[in-house]
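A.B. asks: Sharing run.txt here; it has compact mmCIF, C-alpha atoms.
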```txt
# COMPACT_ATOMS: atom_id res chain seq x y z
CA MET A 1 90.71 97.65 131.94
CA ILE A 2 88.69 100.66 130.79
CA VAL A 3 86.70 100.41 127.57
CA GLY A 4 85.24 103.59 126.15
CA PHE A 5 82.50 103.87 123.54
CA ILE A 6 82.16 106.74 121.08
CA GLY A 7 78.54 106.25 120.13
CA PHE A 8 76.12 104.35 122.33
CA GLY A 9 73.42 102.65 120.32
CA GLU A 10 72.47 99.02 119.81
CA VAL A 11 76.03 97.67 119.54
CA ALA A 12 77.52 99.49 122.53
CA SER A 13 74.50 98.92 124.77
CA THR A 14 74.58 95.19 123.93
CA LEU A 15 78.30 94.74 124.59
CA THR A 16 78.34 96.84 127.77
CA PRO A 17 76.55 94.41 130.15
CA ILE A 18 78.89 91.60 129.08
CA LEU A 19 81.95 93.73 129.78
CA LEU A 20 80.60 94.91 133.14
CA GLU A 21 79.70 91.39 134.25
CA ASN A 22 83.26 90.29 133.57
CA GLY A 23 84.98 93.03 135.54
CA CYS A 24 85.61 95.65 132.88
CA GLU A 25 84.97 99.35 133.48
CA VAL A 26 82.95 100.99 130.70
CA VAL A 27 82.74 104.72 129.96
CA THR A 28 81.00 106.92 127.41
CA SER A 29 79.48 110.40 127.21
CA SER A 30 75.88 111.53 126.85
CA HIS A 31 76.99 115.06 125.95
CA GLN A 32 74.99 116.38 122.97
CA ARG A 33 73.37 112.97 122.44
CA SER A 34 69.69 112.25 121.80
CA LEU A 35 67.26 111.61 124.65
CA LYS A 36 67.07 107.99 123.52
CA THR A 37 70.85 107.60 123.79
CA GLN A 38 70.94 109.38 127.14
CA LYS A 39 68.35 106.96 128.44
CA LEU A 40 70.36 103.97 127.18
CA ILE A 41 73.47 105.25 128.96
CA THR A 42 71.58 105.82 132.22
CA GLU A 43 70.04 102.36 132.10
CA SER A 44 73.44 100.79 131.41
CA LYS A 45 74.78 102.17 134.72
CA ILE A 46 78.17 103.09 133.32
CA LYS A 47 80.33 106.16 133.86
CA ASP A 48 78.96 109.08 131.89
CA LEU A 49 81.89 111.41 131.30
CA LYS A 50 81.81 115.12 130.44
CA ASN A 51 82.49 114.65 126.73
CA ASN A 52 84.07 112.32 124.17
CA ILE A 53 87.46 113.92 124.68
CA GLU A 54 87.47 112.63 128.25
CA VAL A 55 86.24 109.24 127.04
CA SER A 56 89.10 109.07 124.54
CA LYS A 57 91.81 110.04 126.99
CA SER A 58 90.63 107.72 129.78
CA SER A 59 90.18 104.52 127.74
CA ASP A 60 92.59 101.62 127.39
CA ILE A 61 90.51 100.53 124.41
CA LEU A 62 88.39 103.13 122.61
CA ILE A 63 85.64 101.63 120.46
CA SER A 64 83.85 103.51 117.69
CA THR A 65 80.26 102.34 117.22
CA ASN A 66 78.66 104.84 114.89
CA SER A 67 77.25 104.97 111.38
CA PRO A 68 79.57 104.18 108.46
CA SER A 69 79.24 107.76 107.20
CA ASN A 70 80.58 109.14 110.49
CA ALA A 71 83.37 106.63 111.14
CA LEU A 72 86.21 108.59 109.55
CA ASN A 73 85.22 111.80 111.30
CA ILE A 74 85.13 110.04 114.69
CA ALA A 75 88.57 108.57 114.06
CA GLN A 76 89.99 111.97 113.17
CA LYS A 77 88.45 113.71 116.18
CA TYR A 78 88.87 111.14 118.92
CA GLY A 79 90.92 108.17 117.74
CA LYS A 80 94.02 110.30 117.42
CA MET A 81 93.86 111.53 121.01
CA THR A 82 93.41 108.23 122.82
CA ASN A 83 96.39 106.93 124.76
CA GLY A 84 95.19 103.37 124.28
CA LEU A 85 94.08 101.40 121.24
CA PHE A 86 91.37 102.48 118.84
CA LEU A 87 88.94 99.84 117.54
CA ASP A 88 86.43 100.63 114.82
CA ILE A 89 83.56 98.13 114.49
CA ASN A 90 81.35 100.11 112.14
CA ASN A 91 80.43 98.49 108.84
CA ILE A 92 82.94 100.48 106.80
CA SER A 93 84.85 99.65 103.66
CA PRO A 94 88.47 98.42 103.75
CA ASN A 95 89.43 101.68 102.02
CA THR A 96 88.00 103.67 104.91
CA THR A 97 89.86 101.53 107.45
CA LYS A 98 93.10 102.23 105.62
CA LYS A 99 92.38 105.96 105.71
CA ILE A 100 91.86 105.67 109.46
CA ALA A 101 95.11 103.73 109.80
CA ASN A 102 96.95 106.51 107.95
CA ILE A 103 95.58 109.00 110.45
CA ILE A 104 96.02 107.02 113.66
CA GLY A 105 98.85 104.58 112.97
CA ASP A 106 99.51 101.22 114.62
CA LYS A 107 97.20 101.83 117.59
CA PHE A 108 94.27 101.41 115.20
CA VAL A 109 92.69 97.95 114.87
CA ASP A 110 90.14 97.06 112.20
CA GLY A 111 87.10 95.27 113.65
CA ALA A 112 83.97 93.67 112.25
CA VAL A 113 80.99 92.21 114.10
CA ILE A 114 80.08 88.93 112.43
CA GLY A 115 76.52 87.83 113.15
CA LYS A 116 73.76 89.58 115.04
CA ILE A 117 75.23 91.62 117.84
CA ASP A 118 72.77 90.16 120.38
CA SER A 119 73.46 86.56 119.35
CA LYS A 120 75.55 84.33 121.58
CA ASP A 121 77.30 83.13 118.43
CA SER A 122 78.43 86.56 117.22
CA VAL A 123 82.16 87.22 117.07
CA ILE A 124 84.27 90.32 116.50
CA TYR A 125 86.86 89.77 113.78
CA LEU A 126 90.08 91.73 114.25
CA SER A 127 92.93 92.67 111.94
CA GLY A 128 95.88 94.98 112.39
CA LYS A 129 99.34 95.04 113.93
CA ASN A 130 97.95 95.25 117.48
CA ALA A 131 94.96 92.97 117.00
CA ASP A 132 96.29 90.57 119.65
CA LYS A 133 96.11 93.34 122.25
CA ILE A 134 92.44 93.94 121.47
CA ALA A 135 91.81 90.20 121.74
CA ILE A 136 92.27 90.58 125.50
CA LEU A 137 88.57 91.46 125.44
CA ASN A 138 88.03 87.69 125.37
CA ASP A 139 89.00 87.79 129.04
CA PHE A 140 86.10 90.18 129.64
CA GLY A 141 83.36 88.10 128.06
CA LEU A 142 83.49 89.14 124.41
CA LYS A 143 84.25 86.76 121.56
CA THR A 144 87.01 88.01 119.28
CA LYS A 145 89.07 86.38 116.56
CA VAL A 146 92.30 87.71 115.08
CA ILE A 147 92.17 86.90 111.37
CA SER A 148 95.33 88.73 110.29
CA TYR A 149 97.71 91.54 111.14
CA ASP A 150 96.81 93.53 108.02
CA ILE A 151 94.45 96.50 108.28
CA GLY A 152 91.41 96.00 106.06
CA ASP A 153 91.11 92.22 106.22
CA ALA A 154 88.41 92.17 108.91
CA SER A 155 86.32 94.79 107.11
CA THR A 156 86.80 93.00 103.77
CA ILE A 157 85.33 89.78 105.17
CA LYS A 158 82.47 91.81 106.65
CA MET A 159 81.86 93.55 103.31
CA LEU A 160 81.70 90.28 101.40
CA ARG A 161 79.38 88.79 104.00
CA SER A 162 77.17 91.89 103.83
CA MET A 163 76.97 91.55 100.07
CA TYR A 164 75.33 88.19 100.59
CA THR A 165 73.18 88.82 103.66
CA LYS A 166 71.75 92.18 102.64
CA SER A 167 70.97 90.94 99.13
CA VAL A 168 69.05 88.01 100.61
CA SER A 169 67.22 90.38 102.98
CA ALA A 170 66.24 92.72 100.14
CA ILE A 171 64.93 89.87 97.98
CA LEU A 172 63.05 88.41 100.94
CA LEU A 173 61.46 91.75 101.78
CA GLU A 174 60.41 92.49 98.22
CA THR A 175 59.04 88.98 97.70
CA PHE A 176 56.73 89.24 100.70
CA GLU A 177 55.72 92.80 99.86
CA ILE A 178 54.42 91.45 96.55
CA ALA A 179 52.88 88.36 98.18
CA GLU A 180 51.02 90.58 100.67
CA LYS A 181 49.55 92.69 97.86
CA MET A 182 48.35 89.46 96.25
CA GLY A 183 46.83 88.25 99.51
CA LEU A 184 49.14 85.22 99.60
CA LYS A 185 51.65 86.20 102.28
CA GLU A 186 50.80 83.44 104.80
CA GLU A 187 50.50 80.82 102.07
CA LEU A 188 53.96 81.76 100.81
CA PHE A 189 55.44 81.45 104.31
CA ASP A 190 53.98 77.94 104.55
CA THR A 191 55.16 76.97 101.08
CA ILE A 192 58.77 78.09 101.56
CA ALA A 193 58.84 76.48 105.02
CA ILE A 194 58.38 73.07 103.36
CA THR A 195 61.94 73.26 102.04
CA GLU A 196 63.51 75.83 104.41
CA GLY A 197 62.27 74.38 107.70
CA LYS A 198 59.71 75.12 110.40
CA GLN A 199 61.62 78.14 111.69
CA PHE A 200 61.50 79.92 108.34
CA LYS A 201 58.52 82.17 109.13
CA SER A 202 59.89 83.48 112.41
CA GLN A 203 63.39 83.93 110.99
CA ALA A 204 62.12 85.61 107.82
CA THR A 205 59.78 87.91 109.77
CA SER A 206 62.64 88.95 112.04
CA ARG A 207 64.85 89.62 109.03
CA ILE A 208 62.18 91.70 107.31
CA GLU A 209 61.51 93.77 110.44
CA ASN A 210 65.24 94.33 110.93
CA SER A 211 65.64 95.43 107.30
CA ILE A 212 62.92 98.05 107.69
CA LYS A 213 64.04 99.26 111.12
CA TYR A 214 67.68 99.70 110.12
CA SER A 215 67.19 100.57 106.45
CA LYS A 216 69.11 103.87 106.71
CA ARG A 217 72.16 102.18 108.18
CA LYS A 218 71.96 99.33 105.66
CA HIS A 219 71.76 101.84 102.81
CA GLU A 220 74.95 103.51 104.07
CA GLU A 221 76.64 100.11 104.33
CA MET A 222 75.73 99.30 100.73
CA ILE A 223 77.23 102.62 99.61
CA GLU A 224 80.46 101.68 101.41
CA LEU A 225 80.39 98.27 99.74
CA LEU A 226 80.00 99.75 96.25
CA ILE A 227 82.85 102.20 96.82
CA PHE A 228 85.04 99.28 97.87
CA LEU A 229 84.07 97.17 94.84
CA LYS A 230 84.61 100.03 92.39
CA ASP A 231 88.04 100.76 93.83
CA PHE A 232 88.95 97.07 93.74
CA GLU A 233 87.78 96.88 90.13
CA LYS A 234 90.35 99.53 89.19
CA GLU A 235 93.09 97.12 90.28
CA LEU A 236 91.90 94.45 87.85
CA THR A 237 93.48 94.19 84.40
CA ASN A 238 90.96 94.26 81.57
CA GLU A 239 88.23 92.93 83.84
CA THR A 240 84.99 94.30 85.21
CA MET A 241 82.61 93.08 87.88
CA ASP A 242 78.85 92.89 87.64
CA LYS A 243 77.54 95.04 90.52
CA SER A 244 73.98 95.46 89.25
CA ILE A 245 72.36 93.43 92.03
CA ILE A 246 74.31 95.35 94.68
CA GLU A 247 73.11 98.64 93.15
CA ASP A 248 69.52 97.39 93.29
CA VAL A 249 69.89 96.32 96.93
CA LYS A 250 71.31 99.75 97.82
CA ASN A 251 68.35 101.45 96.14
CA LYS A 252 65.88 99.14 97.88
CA PHE A 253 67.14 100.17 101.32
CA LYS A 254 67.17 103.82 100.25
CA ARG A 255 63.47 103.62 99.36
CA LEU A 256 62.72 102.27 102.83
CA ASN A 257 64.21 105.33 104.56
```
Please express the file's structure as C-alpha cells.
C.D. replies:
Amino acid sequence: MIVGFIGFGEVASTLTPILLENGCEVVTSSHQRSLKTQKLITESKIKDLKNNIEVSKSSDILISTNSPSNALNIAQKYGKMTNGLFLDINNISPNTTKKIANIIGDKFVDGAVIGKIDSKDSVIYLSGKNADKIAILNDFGLKTKVISYDIGDASTIKMLRSMYTKSVSAILLETFEIAEKMGLKEELFDTIAITEGKQFKSQATSRIENSIKYSKRKHEEMIELLIFLKDFEKELTNETMDKSIIEDVKNKFKRLN
C-alpha cells in the first residue's frame, strides 16, 4: 500500500509515522516547498519524489492535506491524475467537496479529521461511494469511520462541529484577553476551574495557544462554514438562520492573523 500526501504539514507529518510503523509506504514531494516543509519531510524518512505529479501517479491512496482555500485547486491539478483513490481531509465545506466530486468522480472520498490530529482518540470520518476502500487504512494504524456513502456528509459533520469548537475557542480567547488587561487572568482560571475541573487551565491555555498559532487556517475554515450556511439557507422556504456569532468568530480569527 502506497499513501501519497499532497501537502506535508502538521496533519501529514503526524499521520506518517503511524502509517510507516504499520507497514505502509508513504511518499510526498518537497519540490517548491518551504524550508520548514522540506525539513519535516527529511525528518519523516519517507520517499521524496520529484514532484506532486509523481506522487499522484504512484499512490494507491492520494491524500490532500492543505489549506481550505487551496483544496479545490489541488484536486483539479493532482486528484484527477491519480490512478488510485483521492481523499481530501482539509476543513472544506460540503459544497467544495461536491465540486471536487464533479471533477474527479467516484474515486474521490470526502474525509474529515474529528478531534486533534495528534490525539489517540482522533478519527477520520469518511463518506463517498468508495469510502470502504479508504477504510483499509485501519489496517495500517489509522482510525477511520465510514459514516455514509454520500459525498459531503463527512465534511458537513466537521463543519457543524467546527461551528461549536471554534466559537468556544474565540470566546475563551477574548475572555482571557480582557481578564489579562484587568490583571485578573490567573484568578479567572481558578474561578472557572471550580466548575470546569482541575484540568481547565491547561486545556484552556492549550486551546488559546492553538487558536493564535493557527488563526489564519481557522479564519479560512470559518469562511468555508459561512459559505456552506448561506447556500443551505437558500434551500429553506421562508426561513433564515442567525449567523451573527459565526461572523464574529470569523472576524476574531482574521484579527489574529
A.B. asks: How close does region 141-197 of chain A get to region 214-226 of chain A? List, as a tab-separated table, each residue of region 141-197 of chain A within 9 Å, its nearest atom pair and the distance in Å to one decimal, counting all atoms listed in the file.
C.D. replies:
```
residue	atom	partner	partner_atom	distance
A:Met159	CA	A:Leu225	CA	6.1
A:Leu160	CA	A:Leu225	CA	8.3
A:Ser162	CA	A:Met222	CA	8.2
A:Met163	CA	A:Leu225	CA	7.5
A:Lys166	CA	A:Lys218	CA	7.8
```
A.B. asks: With distances taken over only C-alpha atoms, which residue among A:Ile53, A:Thr28, A:Asp110, A:Leu173 lies nearest Ser13 (chain A)?
C.D. replies: A:Thr28
A.B. asks: Got a sec: who's within 12 Å of Arg207 (chain A), counting all atoms listed in the file, leaving out chain neighbours fewer than 4 positions off, as a ChimeraX atom specification?
C.D. replies: /A:116,165-173,176,200-203,211-215
A.B. asks: If you take all atoms listed in the file and a cut-off of 12 Å, which residues of region 56-102 of chain A touch region 231-251 of chain A, and what are their nearest atom pairs and distances in Å to one decimal, in chain and number order, as CSV?
C.D. replies:
```
residue,atom,partner,partner_atom,distance
A:Ser93,CA,A:Asp231,CA,10.4
A:Pro94,CA,A:Phe232,CA,10.1
A:Asn95,CA,A:Asp231,CA,8.4
A:Thr96,CA,A:Asp231,CA,11.5
```
A.B. asks: Record the distance separating CA of Ala112 (chain A) and CA of Val26 (chain A), expressed in Å with one decimal.
C.D. replies: 19.9 Å
A.B. asks: Please measure the separation of CA of Lys133 (chain A) and CA of Ile61 (chain A), giving the value in Å to one decimal.
C.D. replies: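 Pair CA of Lys133 (chain A) / CA of Ile61 (chain A) returns 9.4 Å.
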A.B. asks: Please compute the CA of Thr156 (chain A)-CA of Ala75 (chain A) distance, one decimal, in Å.
C.D. replies: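 These atoms are spaced 18.7 Å apart.
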A.B. asks: Restricting the calculation to all atoms listed in the file, which member of A:Asn210, A:Val113, A:Leu35, A:Ile6 is positioned closest to Asn70 (chain A)?
C.D. replies: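 So, comparing all the options, the nearest one is A:Ile6.
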A.B. asks: In file coordinates, which residues lie within 10 Å of (71.6, 99.1, 121.7) using all atoms listed in the file, given as a VMD selection string?
C.D. replies: chain A and resid 8 to 16 37 40 to 41 117 to 118
A.B. asks: Which one is closest to Ile124 (chain A): A:Asn51, A:Ser34, A:Ser29, A:Ser155? Count all atoms listed in the file.
C.D. replies: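 Answer, going by the shortest atom-to-atom distance: A:Ser155.
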A.B. asks: Taking 3 positions as the minimum chain separation for residues in the same chain, which residues sit within 7 Å of Gly7 (chain A) when counting only C-alpha atoms? Answer as a ChimeraX atom specification.
C.D. replies: /A:64-66
A.B. asks: Quick one: residues within 12 Å of Ile104 (chain A), all atoms listed in the file counted, chain neighbours fewer than 6 positions away excluded, as a list in words?
C.D. replies: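 Everything that qualifies: Leu72, Ile74, Ala75, Gln76, Lys77, Tyr78, Gly79, Lys80, Met81, Thr82, Asn83, Gly84, Leu85, Phe86, Leu87, Asp88, Thr97, Lys98, Asp110 and Ile151 of chain A.
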A.B. asks: Pick from A:Thr175, A:Ile194, A:Lys120, A:Ala101: nearest to Asp150 (chain A), with only C-alpha atoms counted?
C.D. replies: A:Ala101
A.B. asks: I'd like the contact shell of Leu142 (chain A) - 9 Å cut-off, only C-alpha atoms, skipping same-chain residues fewer than 6 positions apart - returned as a list in words.
C.D. replies: Leu15, Ile18, Leu19, Val123, Ile124, Ala135 and Ile136 of chain A
A.B. asks: Write a file of the selected residues as an mmCIF file, in the frame of the given file, keeping C-alpha atoms.
C.D. replies:
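File written: again_6.cif
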```cif
data_model
loop_
_atom_site.group_PDB
_atom_site.id
_atom_site.type_symbol
_atom_site.label_atom_id
_atom_site.label_comp_id
_atom_site.auth_asym_id
_atom_site.auth_seq_id
_atom_site.Cartn_x
_atom_site.Cartn_y
_atom_site.Cartn_z
ATOM 1 C CA LEU A 15 78.300 94.740 124.590
ATOM 2 C CA ILE A 18 78.890 91.600 129.080
ATOM 3 C CA LEU A 19 81.950 93.730 129.780
ATOM 4 C CA VAL A 123 82.160 87.220 117.070
ATOM 5 C CA ILE A 124 84.270 90.320 116.500
ATOM 6 C CA ALA A 135 91.810 90.200 121.740
ATOM 7 C CA ILE A 136 92.270 90.580 125.500
#
```
A.B. asks: Using only C-alpha atoms, pick whichever of A:Glu25, A:Asn102, A:Asn91, A:Ser58 has the shortest atom-to-atom distance to Ser44 (chain A).
C.D. replies: A:Glu25
